[in-house]
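Below is one structure, written out as structure tokens, with a few remarks after it.
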Amino acid sequence: MESLLAAIWASAALATPLIAEPLLSRDVVTCPPTYTTKNGLNFTSYCEKNNPGNDALPPFLVSSMQECMEHCSRYWGDGEGCFGVVWREDQNCWLRTSNTTSSNMIDDKGIHAALVVEGEMDPLDTKCPETDLSIHTLDGSPGIGYTVHCGKVVTGFDTCWSGYPSCLDAPYIGFYHATSLEDCLQNCVKEHPLCRGVTYNPSLKIGFANCWPKTGFGNTLQNPDTTMGVSHSATITSLDRIDSTCPSDKTYDASGNKAFDIQCGKVNAGTNITSVHMQNVTSCMDLCASSNNGCVGVVFDTSLASGYENCYLQNTTSVMSDLASGTYALLTGSSIPKSSSTNVPASGTTEKKSSKAWIAGPVIGVILGIALIAGAILFFRRRKAKSAVAVAGGGFAEKGAEGSYAHQQAPPGYGHVGYTGAPPPMQQHGSYGAPSELGGSNVTELATGEYNQSAKYAHHGAGTKAKQEPQELA
Ligand SMILES: *[C@@H]1O[C@H](CO)[C@@H](O)[C@H](O)[C@H]1NC(C)=O
Ligand SMILES: *[C@@H]1O[C@H](CO)[C@@H](O)[C@H](O)[C@H]1NC(C)=O
Ligand SMILES: *[C@@H]1O[C@H](CO)[C@@H](O)[C@H](O)[C@H]1NC(C)=O
Ligand SMILES: *[C@@H]1O[C@H](CO)[C@@H](O)[C@H](O)[C@H]1NC(C)=O
Ligand SMILES: *[C@@H]1O[C@H](CO)[C@@H](O)[C@H](O)[C@H]1NC(C)=O
């Protein structure tokens, strides 16, 4: 009884900051005069103005105007991307089609419009950069060989990449913007888990997020859906050969009087500071020893399953586990910071979960769960009662709103985006949160015995990310 009370208290104390977190966005400027999204799309704002009409899709809720623009920069619509937003202070976000202009802005309190800077959604050079099926190397990435597939797309093989600031559902799954196929590949080689290719859409018909890293590729590449415009793909067809022998000496003296204890066949869940591509564990340890970023240990993955950047520098130690293709080396001597055994995202976001939080976590979970279910029941009851009114647009009925709602019921073009999943150019729906599927396709392609096992290593990270991050923006 006492412990239950204690747990409830703890959860109450903890629940406040947890629930309050989204409100941090109150510190964010309500209507910034200009804004650049995380993938590089620039907006100009029209504060206290509405820009009615030209809905790309029905409004949805996001906590800030900035989040509304972030969604716009990742939107893949009906044969085009997003060209502007309207955000209202009750958190409704509208995305605008290419027909939107600055000419019909209407003064309106508590509502803010923004338009993509002129020209930034214009098509890029759509010419295939290389001869079809020719093979190339990538600057700065030794050992990588890629094959160019002009006018083709890789269907499926999407995941929530570690480089994405957050993972969203369709139609906002993509993130990267690239200005060339090679530029797109440069995003690919930095990714975790291993990226095996890209589809690049210079015509920007799939939106500003026109560079899609892929976890694999099938035997044949596909022709794009006609609404996608021009796409080219590159598949990584050779990777560096990694020295997979674990040193026979179990200690290693690196430069600067630093020594490492080496554990073969192990990985450690410590906090990743960064990852770099290395051919052998020795050079990985040398890098750790010579860096001044607090590196206390390295995980070296000879399989590359978690990414081409296979030497992970860590600044904490945590739980060790077995992985045939892994090597763990820990700096000896100095006192080493420990991180809790709960999974910490590689990107090193919020990380300091105390053991109390760990105990209270499940309790909060249960309480939140009950609250959510209750909330959902209430919500759906009300919604049922009110839906007719709501669809009519309430107070903010914008011109054309009804038309766009109609869209949703009978999506002519949305189908391909994943609403129906019909001829999916990049099978977006449900690919998140199901990393095991992707692993499967990877395994067949690399066809090494080790790979299967190390794929788990990759999933470990991908799985937690997928679970934690989608909440962020929603
Ligand atoms: C956004 O603005 C920055 C700074 O002017 C510029 O460097 C960048 O190229 C712009 N983005 C696009 C997509 O044009
Ligand atoms: C833009 O407006 C034209 C003319 O009304 C219409 O035919 C077209 O479908 C619109 N485009 C979009 C993307 O809504
Ligand atoms: C470890 O590195 C991460 C990412 O750079 C950083 O956020 C964190 O504060 C570091 N932790 C320690 C104990 O130095
Ligand atoms: C490790 O790789 C580096 C290049 O990355 C190379 O110079 C070095 O000789 C290699 N060391 C061993 C022990 O193979
Ligand atoms: C460190 O990076 C690897 C590879 O991406 C990942 O599997 C692992 O989960 C990361 N570690 C943490 C604590 O996030």
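By order of appearance in the structure tokens: chains A, B, ..., then residues from 1 within every chain, and ligands from 1 in the order shown.
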### Task
Could you give me, as a ChimeraX atom specification, every polymer residue with an atom at most 6 Å away from an atom of ligand 4, counting only C-alpha atoms and all ligand atoms?
/A:278-280,283
For the selection just defined, write its residues with C-alpha atoms to a file, as a PDB file, in the first residue's frame.
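The result, stored in result.pdb:
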```
ATOM      1  CA  MET A 278      36.723   2.628 -39.976  1.00  0.00           C
ATOM      2  CA  GLN A 279      38.247  -0.495 -41.487  1.00  0.00           C
ATOM      3  CA  ASN A 280      39.568  -2.011 -38.280  1.00  0.00           C
ATOM      4  CA  SER A 283      41.930   2.705 -35.921  1.00  0.00           C
TER       5      SER A 283
END
```
### Message
Taking only C-alpha atoms and all ligand atoms into account, which residues have an atom no farther than 9 Å from ligand 1? I'd like them as a list of chain:residue names.
### Response
A:Tyr35, A:Thr36, A:Thr37, A:Asn39, A:Gly40, A:Leu41, A:Asn42, A:Phe43, A:Val117, A:Glu118, A:Gly119, A:Glu120, A:Met121, A:His177, A:Thr179, A:Phe208
### Message
Just to confirm, what's the straight-line distance from atom CA of Trp212 of chain A to atom CA of Tyr176 of chain A in Å (one decimal)?
### Response
6.8 Å
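Minimum distance to ligand 3 across A:Leu204, A:Ala113, A:Ile336, A:Val267 (counting only C-alpha atoms and all ligand atoms) occurs at A:Ile336.
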### Contacts to ligand 3 at 6 Å cut-off (only C-alpha atoms and all ligand atoms) as a ChimeraX atom specification
/A:271,273,315-316,337,348
Serialized selection, C-alpha atoms, as a compact mmCIF listing (two decimals), in the first residue's frame:
```
# COMPACT_ATOMS: atom_id res chain seq x y z
CA THR A 271 25.75 6.70 -25.18
CA ILE A 273 28.76 10.48 -29.21
CA ASN A 315 31.04 8.63 -23.57
CA THR A 316 29.27 6.35 -21.07
CA PRO A 337 30.44 7.57 -16.51
CA GLY A 348 21.57 11.80 -27.43
```
### Distance criterion (only C-alpha atoms and all ligand atoms): nearest to ligand 2 out of A:Tyr75, A:Tyr328, A:Phe83, A:Tyr46
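Closest residue, counting only C-alpha atoms and all ligand atoms: A:Phe83.
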Enumerate as a short mmCIF file (atom, residue, chain, number, x, y, z; two decimals) with C-alpha atoms, in the first residue's frame the residues within 8 Å of ligand 2, counting only C-alpha atoms and all ligand atoms.
```cif
data_model
loop_
_atom_site.label_atom_id
_atom_site.label_comp_id
_atom_site.auth_asym_id
_atom_site.auth_seq_id
_atom_site.Cartn_x
_atom_site.Cartn_y
_atom_site.Cartn_z
CA ASN A 54 -6.09 25.96 -51.71
CA ASP A 55 -6.13 23.31 -49.00
CA ALA A 56 -3.78 20.47 -49.76
CA ASP A 78 -1.20 14.81 -54.90
CA GLY A 79 1.59 15.10 -57.45
CA GLU A 80 3.16 18.03 -55.65
CA THR A 97 -1.19 23.71 -52.68
CA SER A 98 0.86 25.33 -55.45
CA ASN A 99 -2.14 27.56 -56.23
#
```
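On the backbone of this structure, DSSP gives helix (DSSP H, G or I) within segment 23-209 of chain A to Leu23, Leu24, Ser25, Arg26, Asp27, Met65, Gln66, Glu67, Cys68, Met69, Glu70, His71, Cys72, Ser73, Leu181, Glu182, Asp183, Cys184, Leu185, Gln186, Asn187, Cys188 and Val189 of chain A.
Each of A:Val62, A:Val298, A:Ala209, A:Ala259 was checked against ligand 5 using only C-alpha atoms and all ligand atoms; the smallest atom-to-atom distance is that of A:Val298.
Proximity ranking of A:Pro171, A:Ser162, A:Gln222, A:Thr215 relative to ligand 5 places A:Ser162 first, based on only C-alpha atoms and all ligand atoms.
Counting only C-alpha atoms and all ligand atoms and comparing A:Cys160, A:Cys82, A:Ile106, A:Cys167, the residue that lies closest to ligand 5 is A:Cys160.
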### Query
What is the atom CA of Thr226 of chain A-atom CA of Val86 of chain A distance in Å, reported with one decimal?
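For atom CA of Thr226 of chain A relative to atom CA of Val86 of chain A, the distance reads 29.0 Å.
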